[in-house]
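**Student:** My questions all concern the structure below.
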Amino acid sequence: MSAARGTRRRSEHATDAWIYPFDPTLAAVLVGDLEQLGYDPVARLLDGSVEAERDAAAERPPALVLVATGAVDCQPASSLASDLRALDELREKPILIAIDAPALAEGVPIPAGDEVLVAPWSAAELALRVSRATHRLGLAGDGDIVRIDGLQIDFTTYQVTIDGTPVDFTYMEYELLRFFVTHPNRVFSREALLSRVWGYDFYGETRTVDVHVRRVRAKLGVGYATRILTVRSVGYRFDR
Amino acid sequence: MEDEPIDPDASYVLRTVVERGVRFVRFWFVDVMGTLKSFSVPSSELEQALAEGVSIDGSSLEGSVRLRERDVIARPDPRTFQVLPWRRPGAAVGRMFCDIQMPDRSPFPGDSRHALRSVLARASELGYSFQVGCELEFFLFEPLLDDGSVPRPLDRGAYFDLTPRDEGSDFRRQTIEHLEQIGIPVKASHHEVGPSQHEIQLQHDNALAMADAVSTFRLVVKEVAHEQGVYATFMPKPLEHESGSGMHLHLSLFDGDRNLFHDPANPGALSQTGQGFLAGVLFHAPELTAVTNPCVNSYKRLGSFEAPDHVCWTRHGREALVRVPSARPERPTAARIEVRSPDPSCNPYLTFAVLLAAGLRGIERGYELPPEVEDAPSAGAPPLPGDLREAIDLFAGSQLAREALGERLCDWYAANQRSEWRDYQQIVTEFERRRYLPIL
């Protein structure tokens, strides 16, 4: 194993968030806030080299990295963030940098493109910054992630999350949802959905569409189910 | 055995397993009585298992009457893959339903899922797709004592009661959440007539998906009960002098988008096809009761608290075997029949298979629909079997059941039930001691 020290039992969840807090009080707050956002936070201490982090990331890459070094006499958050960003294993991962006001006043360099938090911050601000950091990365890539409020669809991994919590679809349910979110605000007939989502050679009936829409709605839950609107005697529309 | 190319559903499963950190996938199938069976496949073996299936002992499908071992292949259906929602993410576990095949890949004749598939295929050749909606009732009790004593309900709430007397509303909420996460849309839920009795209605779906949903439902309810430190049961009649638990089925046939039970010329009444189907279900109901009501205990539910014990149908009455709902005549898709005899201890695959076979027979042979009854069954209505032995005898002689389910399943099924009846007959009940000891 690496130098990782979990503050709680680590799960096999794909939404690990690594936190680099050099202050235990701050660590506890961040763990709580990130759990609220659906992440499985792991507080890490950098007591070896950055190389140790490479090994840990290779074994189990985090979904998010939050570098919050706090005091200025520690290794500056910004330089640690640059070091982590330089690792291949973390190049594609959103990295947030949290610094305090004195560090900001000192004019520490902030790597371009990383989201910054200045202490003290509220849970709401943290949520916003995390959302911006992950969103920015999605846009910087090849558009493989779509986010609609808390609903996130990753076209590379086929994974869907709501407020950070994974939602499991079957293949055709996923394909239907993907079609909807990539063709928002337009009404599609059941026939159109059958031919475009299931394919022209699919032997089936348009009731298949209704059944799948119902299942997708059930899995999206109350927060997002209503985005898929039934347009009476026409078909369905996804509201972005 | 050569590998088949991995289809998109299977590769989606493999991908999800990696992304979600799923370490084991449970392969589910049911035995002849509908009991869910499971074995775990580590994710590292999943690709091969999807391509080739996994060899298992086919006698595990025979129920409690196991005759001899035989190798069969469990082939997982990747379209049924779900991560189980009640597991903590730290131990993510998935599940897939399996079709059971012979080593030469032909369907295993003892597989209930296959039996339903083959009746569905025959319906499909006739241009019919079979839709099923389901109302499942169950009781919540305090944790069971293992001494056979009368279980204690959690509340004394009643029909459609609201909290605070309805202790089960949290339970229902959690259950519905899990069901929806696993892709089983719920229509409604409420407190039922009995103390601590609940009902959850599942949205109609094609029959195979609904049979899988019922199997899953029973496990979800048990899991949530376990989490909440209570005991949930689908026993048809757990309490004397209280309502029993049924599994009302809403059945309809579609041709594409057209509900064939709907008569555009006479909305609110059943179409000719619907009448034929209903007549078939009614005519064959007695011989199929062993399937829809499989336990000794099932027969203590029938005939009281509105559970039917005669063959008749109604639109407005309450006690008939079949009700033809007429609440939404303006909605063609809602035309259906509601079969009220089945209980939630049944094998849903076989139940759907025999009901569909009976309905198709009624359509194909133009059975005539007997007149409607208004409320209580008329004197002339044929009775349903009064106990399990009578039901087995009728089932064993049913040509329709043999054609629908095949010889193997029918023989296994009857053997299991005869053994159940023998076990029951050997028990001297409290009733007998109380009734006879003082006077004989």
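Going by the structure tokens order, chains are called A, B, ..., each with residues numbered from 1, while ligands are numbered from 1 in the order shown.
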Determine, counting only C-alpha atoms, which protein, DNA and RNA residues have an atom within 12 Å of an atom of Leu278 in chain B; residues of the same chain fewer than 5 positions away are not included. Present the result as a ChimeraX atom specification.
**Tutor:** /B:250-253,261,270-273,283-285,311-314,321-324,336-339,355-363,366-372
**Student:** Contacts between chain A and chain B, please, where a residue of chain B counts if it comes within 7 Å (with only C-alpha atoms); show its shortest atom pair and distance in Å to one decimal, rows by chain and ascending number, as a Markdown table.
**Tutor:**
```
| residue | atom | partner | partner_atom | distance |
| --- | --- | --- | --- | --- |
| B:Asp9 | CA | A:Tyr171 | CA | 5.4 |
| B:Tyr12 | CA | A:Tyr171 | CA | 5.8 |
| B:Glu19 | CA | A:Ala14 | CA | 6.3 |
| B:Arg20 | CA | A:Ala14 | CA | 5.7 |
| B:Gly21 | CA | A:Glu12 | CA | 5.2 |
| B:Arg79 | CA | A:Thr170 | CA | 6.1 |
| B:Phe81 | CA | A:Thr170 | CA | 6.4 |
| B:Gln82 | CA | A:Asp168 | CA | 6.6 |
| B:Val83 | CA | A:Asp168 | CA | 6.5 |
| B:Pro89 | CA | A:His13 | CA | 5.6 |
| B:Gly90 | CA | A:Ser11 | CA | 3.6 |
| B:Ala91 | CA | A:Glu12 | CA | 6.7 |
| B:Glu180 | CA | A:Ala218 | CA | 4.8 |
| B:Gln181 | CA | A:Lys219 | CA | 4.8 |
| B:Gly183 | CA | A:Arg215 | CA | 4.9 |
| B:Ile184 | CA | A:Arg215 | CA | 6.4 |
| B:Pro185 | CA | A:Ala218 | CA | 5.5 |
| B:Asp205 | CA | A:Val211 | CA | 6.5 |
| B:Gly256 | CA | A:Glu205 | CA | 5.1 |
| B:Asp257 | CA | A:Arg207 | CA | 6.2 |
```
**Student:** Could you please take those selected residues and save C-alpha atoms as an mmCIF file, in the first residue's frame?
**Tutor:**
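That gives us again-v6.cif:
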```
data_model
loop_
_atom_site.group_PDB
_atom_site.id
_atom_site.type_symbol
_atom_site.label_atom_id
_atom_site.label_comp_id
_atom_site.auth_asym_id
_atom_site.auth_seq_id
_atom_site.Cartn_x
_atom_site.Cartn_y
_atom_site.Cartn_z
ATOM 1 C CA ASP B 9 -25.160 -5.037 -23.120
ATOM 2 C CA TYR B 12 -21.652 -2.217 -20.696
ATOM 3 C CA GLU B 19 -16.177 1.882 -12.896
ATOM 4 C CA ARG B 20 -18.284 1.095 -9.869
ATOM 5 C CA GLY B 21 -15.730 -1.109 -8.186
ATOM 6 C CA ARG B 79 -29.918 -6.610 -19.636
ATOM 7 C CA PHE B 81 -27.585 -6.221 -14.513
ATOM 8 C CA GLN B 82 -28.065 -4.008 -11.479
ATOM 9 C CA VAL B 83 -25.859 -2.915 -8.645
ATOM 10 C CA PRO B 89 -20.613 1.206 -1.890
ATOM 11 C CA GLY B 90 -17.582 -0.268 -0.127
ATOM 12 C CA ALA B 91 -18.823 -3.719 -0.963
ATOM 13 C CA GLU B 180 -36.673 2.530 -8.127
ATOM 14 C CA GLN B 181 -32.878 2.491 -7.892
ATOM 15 C CA GLY B 183 -35.274 0.008 -12.132
ATOM 16 C CA ILE B 184 -38.613 -1.255 -10.833
ATOM 17 C CA PRO B 185 -41.056 1.664 -11.135
ATOM 18 C CA ASP B 205 -44.265 -4.068 -17.693
ATOM 19 C CA GLY B 256 -47.566 -2.833 -30.815
ATOM 20 C CA ASP B 257 -49.135 0.206 -29.220
#
```
**Student:** Run DSSP on the backbone and give me the residues of range 78-180 of chain A it puts in strand (DSSP E), as a PyMOL selection string.
**Tutor:** chain A and resi 95-99+115-118+145-148+151-154+159-162+165-167
**Student:** Go ahead and save the residues from that selection, with N, CA and C atoms, as a PDB file, in the first residue's frame.
**Tutor:**
```
ATOM      1  N   ILE A  95      -8.393  19.404  -9.752  1.00  0.00           N
ATOM      2  CA  ILE A  95      -7.656  19.715  -8.524  1.00  0.00           C
ATOM      3  C   ILE A  95      -8.113  21.078  -8.021  1.00  0.00           C
ATOM      4  N   LEU A  96      -8.527  21.109  -6.767  1.00  0.00           N
ATOM      5  CA  LEU A  96      -8.915  22.375  -6.138  1.00  0.00           C
ATOM      6  C   LEU A  96      -7.812  22.815  -5.199  1.00  0.00           C
ATOM      7  N   ILE A  97      -7.576  24.104  -5.172  1.00  0.00           N
ATOM      8  CA  ILE A  97      -6.565  24.620  -4.246  1.00  0.00           C
ATOM      9  C   ILE A  97      -7.247  25.523  -3.232  1.00  0.00           C
ATOM     10  N   ALA A  98      -7.005  25.204  -1.967  1.00  0.00           N
ATOM     11  CA  ALA A  98      -7.542  26.043  -0.910  1.00  0.00           C
ATOM     12  C   ALA A  98      -6.374  26.754  -0.223  1.00  0.00           C
ATOM     13  N   ILE A  99      -6.445  28.048  -0.170  1.00  0.00           N
ATOM     14  CA  ILE A  99      -5.387  28.796   0.522  1.00  0.00           C
ATOM     15  C   ILE A  99      -6.051  29.754   1.506  1.00  0.00           C
ATOM     16  N   GLU A 115      -9.174  25.562  -9.863  1.00  0.00           N
ATOM     17  CA  GLU A 115     -10.152  26.309  -9.085  1.00  0.00           C
ATOM     18  C   GLU A 115      -9.550  26.628  -7.718  1.00  0.00           C
ATOM     19  N   VAL A 116      -9.824  27.847  -7.216  1.00  0.00           N
ATOM     20  CA  VAL A 116      -9.227  28.282  -5.945  1.00  0.00           C
ATOM     21  C   VAL A 116     -10.315  28.598  -4.935  1.00  0.00           C
ATOM     22  N   LEU A 117     -10.046  28.202  -3.702  1.00  0.00           N
ATOM     23  CA  LEU A 117     -10.906  28.525  -2.568  1.00  0.00           C
ATOM     24  C   LEU A 117     -10.078  29.340  -1.593  1.00  0.00           C
ATOM     25  N   VAL A 118     -10.637  30.427  -1.081  1.00  0.00           N
ATOM     26  CA  VAL A 118      -9.906  31.193  -0.077  1.00  0.00           C
ATOM     27  C   VAL A 118     -10.626  31.056   1.269  1.00  0.00           C
ATOM     28  N   ILE A 145     -18.257  14.778 -20.862  1.00  0.00           N
ATOM     29  CA  ILE A 145     -19.074  14.790 -19.649  1.00  0.00           C
ATOM     30  C   ILE A 145     -20.140  15.862 -19.802  1.00  0.00           C
ATOM     31  N   VAL A 146     -21.374  15.482 -19.541  1.00  0.00           N
ATOM     32  CA  VAL A 146     -22.444  16.466 -19.562  1.00  0.00           C
ATOM     33  C   VAL A 146     -22.975  16.607 -18.151  1.00  0.00           C
ATOM     34  N   ARG A 147     -23.183  17.855 -17.739  1.00  0.00           N
ATOM     35  CA  ARG A 147     -23.741  18.078 -16.412  1.00  0.00           C
ATOM     36  C   ARG A 147     -24.978  18.925 -16.519  1.00  0.00           C
ATOM     37  N   ILE A 148     -26.007  18.487 -15.836  1.00  0.00           N
ATOM     38  CA  ILE A 148     -27.227  19.273 -15.748  1.00  0.00           C
ATOM     39  C   ILE A 148     -27.528  19.382 -14.272  1.00  0.00           C
ATOM     40  N   LEU A 151     -26.890  16.363 -12.014  1.00  0.00           N
ATOM     41  CA  LEU A 151     -26.853  15.148 -12.831  1.00  0.00           C
ATOM     42  C   LEU A 151     -25.634  15.180 -13.748  1.00  0.00           C
ATOM     43  N   GLN A 152     -24.806  14.162 -13.647  1.00  0.00           N
ATOM     44  CA  GLN A 152     -23.605  14.122 -14.469  1.00  0.00           C
ATOM     45  C   GLN A 152     -23.548  12.819 -15.245  1.00  0.00           C
ATOM     46  N   ILE A 153     -23.282  12.957 -16.553  1.00  0.00           N
ATOM     47  CA  ILE A 153     -23.166  11.775 -17.388  1.00  0.00           C
ATOM     48  C   ILE A 153     -21.803  11.791 -18.048  1.00  0.00           C
ATOM     49  N   ASP A 154     -21.043  10.754 -17.785  1.00  0.00           N
ATOM     50  CA  ASP A 154     -19.691  10.652 -18.324  1.00  0.00           C
ATOM     51  C   ASP A 154     -19.740   9.682 -19.505  1.00  0.00           C
ATOM     52  N   GLN A 159     -20.792   6.320 -17.022  1.00  0.00           N
ATOM     53  CA  GLN A 159     -21.306   6.383 -15.656  1.00  0.00           C
ATOM     54  C   GLN A 159     -22.146   7.630 -15.442  1.00  0.00           C
ATOM     55  N   VAL A 160     -23.218   7.456 -14.674  1.00  0.00           N
ATOM     56  CA  VAL A 160     -24.125   8.548 -14.364  1.00  0.00           C
ATOM     57  C   VAL A 160     -24.108   8.755 -12.854  1.00  0.00           C
ATOM     58  N   THR A 161     -23.988  10.011 -12.441  1.00  0.00           N
ATOM     59  CA  THR A 161     -24.086  10.291 -11.009  1.00  0.00           C
ATOM     60  C   THR A 161     -25.092  11.414 -10.793  1.00  0.00           C
ATOM     61  N   ILE A 162     -25.732  11.384  -9.633  1.00  0.00           N
ATOM     62  CA  ILE A 162     -26.592  12.478  -9.211  1.00  0.00           C
ATOM     63  C   ILE A 162     -26.049  12.988  -7.891  1.00  0.00           C
ATOM     64  N   THR A 165     -23.517  10.780  -6.389  1.00  0.00           N
ATOM     65  CA  THR A 165     -23.848   9.386  -6.097  1.00  0.00           C
ATOM     66  C   THR A 165     -24.117   8.635  -7.397  1.00  0.00           C
ATOM     67  N   PRO A 166     -23.437   7.508  -7.596  1.00  0.00           N
ATOM     68  CA  PRO A 166     -23.646   6.783  -8.849  1.00  0.00           C
ATOM     69  C   PRO A 166     -25.073   6.253  -8.977  1.00  0.00           C
ATOM     70  N   VAL A 167     -25.586   6.303 -10.203  1.00  0.00           N
ATOM     71  CA  VAL A 167     -26.892   5.734 -10.509  1.00  0.00           C
ATOM     72  C   VAL A 167     -26.645   4.697 -11.590  1.00  0.00           C
TER      73      VAL A 167
END
```
**Student:** Given the choices B:Asp423, B:Glu62, B:Asp255, B:Asp170, which gets closest to Asp411 in chain B if the distance is worked out from only C-alpha atoms?
**Tutor:**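 Counting only C-alpha atoms, the residue closest to Asp411 in chain B is B:Glu62.
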**Student:** Could you tell me how far CA of Leu140 in chain B sits from CA of Arg152 in chain B, in Å to one decimal place?
**Tutor:** 8.6 Å
**Student:** Residues at most 10 Å from range 393-395 of chain B, counting only C-alpha atoms, excluding those fewer than 6 positions away in the same chain, as a ChimeraX atom specification?
**Tutor:** /B:284-291,385,401-402,410,413-414,418
**Student:** Write the residues of the selection above to a file with N, CA and C atoms, as a compact mmCIF listing (two decimals), in the first residue's frame.
**Tutor:**
```txt
# COMPACT_ATOMS: atom_id res chain seq x y z
N HIS B 284 -59.92 -22.14 -17.10
CA HIS B 284 -58.79 -22.98 -16.65
C HIS B 284 -58.33 -22.65 -15.23
N ALA B 285 -58.99 -21.68 -14.60
CA ALA B 285 -58.51 -21.24 -13.28
C ALA B 285 -58.37 -22.37 -12.25
N PRO B 286 -59.36 -23.26 -12.12
CA PRO B 286 -59.23 -24.29 -11.08
C PRO B 286 -57.98 -25.15 -11.25
N GLU B 287 -57.68 -25.56 -12.49
CA GLU B 287 -56.54 -26.47 -12.70
C GLU B 287 -55.20 -25.72 -12.56
N LEU B 288 -55.23 -24.39 -12.59
CA LEU B 288 -54.00 -23.61 -12.49
C LEU B 288 -53.78 -23.03 -11.09
N THR B 289 -54.73 -23.30 -10.20
CA THR B 289 -54.66 -22.72 -8.86
C THR B 289 -53.43 -23.23 -8.09
N ALA B 290 -53.01 -24.46 -8.38
CA ALA B 290 -51.81 -24.98 -7.73
C ALA B 290 -50.61 -24.07 -8.02
N VAL B 291 -50.62 -23.42 -9.20
CA VAL B 291 -49.51 -22.54 -9.56
C VAL B 291 -49.70 -21.15 -8.94
N PRO B 385 -60.24 -24.92 -6.18
CA PRO B 385 -59.91 -26.01 -5.26
C PRO B 385 -59.86 -25.51 -3.82
N ALA B 401 -51.58 -26.97 -18.68
CA ALA B 401 -50.35 -26.74 -17.93
C ALA B 401 -49.19 -27.51 -18.55
N ARG B 402 -49.44 -28.76 -18.97
CA ARG B 402 -48.38 -29.57 -19.57
C ARG B 402 -47.89 -28.91 -20.85
N CYS B 410 -43.80 -29.57 -14.96
CA CYS B 410 -45.06 -30.01 -14.35
C CYS B 410 -44.81 -31.16 -13.37
N TYR B 413 -43.05 -29.83 -10.32
CA TYR B 413 -43.93 -28.98 -9.54
C TYR B 413 -44.89 -29.83 -8.71
N ALA B 414 -45.52 -30.81 -9.38
CA ALA B 414 -46.47 -31.67 -8.68
C ALA B 414 -45.77 -32.47 -7.58
N ARG B 418 -46.89 -32.40 -3.75
CA ARG B 418 -47.37 -33.61 -3.07
C ARG B 418 -46.55 -33.86 -1.81
```
**Student:** Nearest residue to Val224 in chain B out of B:Tyr436, B:Tyr128, B:Trp86, B:Phe27, using only C-alpha atoms?
**Tutor:** B:Trp86
**Student:** As JSON, numbers by chain, list the residues of range 18-226 of chain A assigned to alpha helix (DSSP H) by DSSP on the backbone atoms of this structure.
**Tutor:** {"A": [24, 25, 26, 27, 28, 29, 30, 31, 32, 33, 34, 35, 36, 50, 51, 52, 53, 54, 55, 56, 57, 58, 59, 77, 78, 79, 80, 81, 82, 83, 84, 85, 101, 102, 103, 104, 105, 106, 123, 124, 125, 126, 127, 128, 129, 130, 131, 132, 133, 134, 135, 136, 137, 138, 139, 140, 171, 172, 173, 174, 175, 176, 177, 178, 179, 180, 181, 182, 190, 191, 192, 193, 207, 208, 209, 210, 211, 212, 213, 214, 215, 216, 217, 218, 219, 220, 222, 223, 224, 225]}
**Student:** With a distance cut-off of 12 Å and only C-alpha atoms, select the neighbouring residues of Ser189 in chain A, excluding the residue or stretch itself and same-chain residues fewer than 3 positions from it, and output the selection as a VMD selection string.
**Tutor:** chain A and resid 186 192 to 197 206 to 207 209 to 210 229 to 237
**Student:** So that I can check the surroundings of Asp309 in chain B, please list as a list in words every protein, DNA and RNA residue that reaches within 12 Å of it, counting only C-alpha atoms and ignoring chain neighbours fewer than 6 positions away.
**Tutor:**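 With the cut-off at 12 Å, the set is Ala285, Pro286, Thr289, Asn293, Ser298, Tyr299, Lys300, Arg301, Leu302, Gly303, Glu319, Ala320, Leu321, Val322, Arg340, Ser341, Pro342, Ala376, Pro377, Ser378, Ala381, Pro382, Pro383, Leu384, Pro385, Gly386 and Asp387 of chain B.
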**Student:** In Å, how far is it from CA of Pro344 in chain B to CA of Ser243 in chain B?
**Tutor:**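 Separation between CA of Pro344 in chain B and CA of Ser243 in chain B: 13.7 Å.
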**Student:** From the options B:Ala209, B:Glu135, B:Val119, B:Leu440, which residue's atoms come nearest to Val354 in chain B, counting only C-alpha atoms?
**Tutor:**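 So, comparing all the options, the nearest one is B:Val119.
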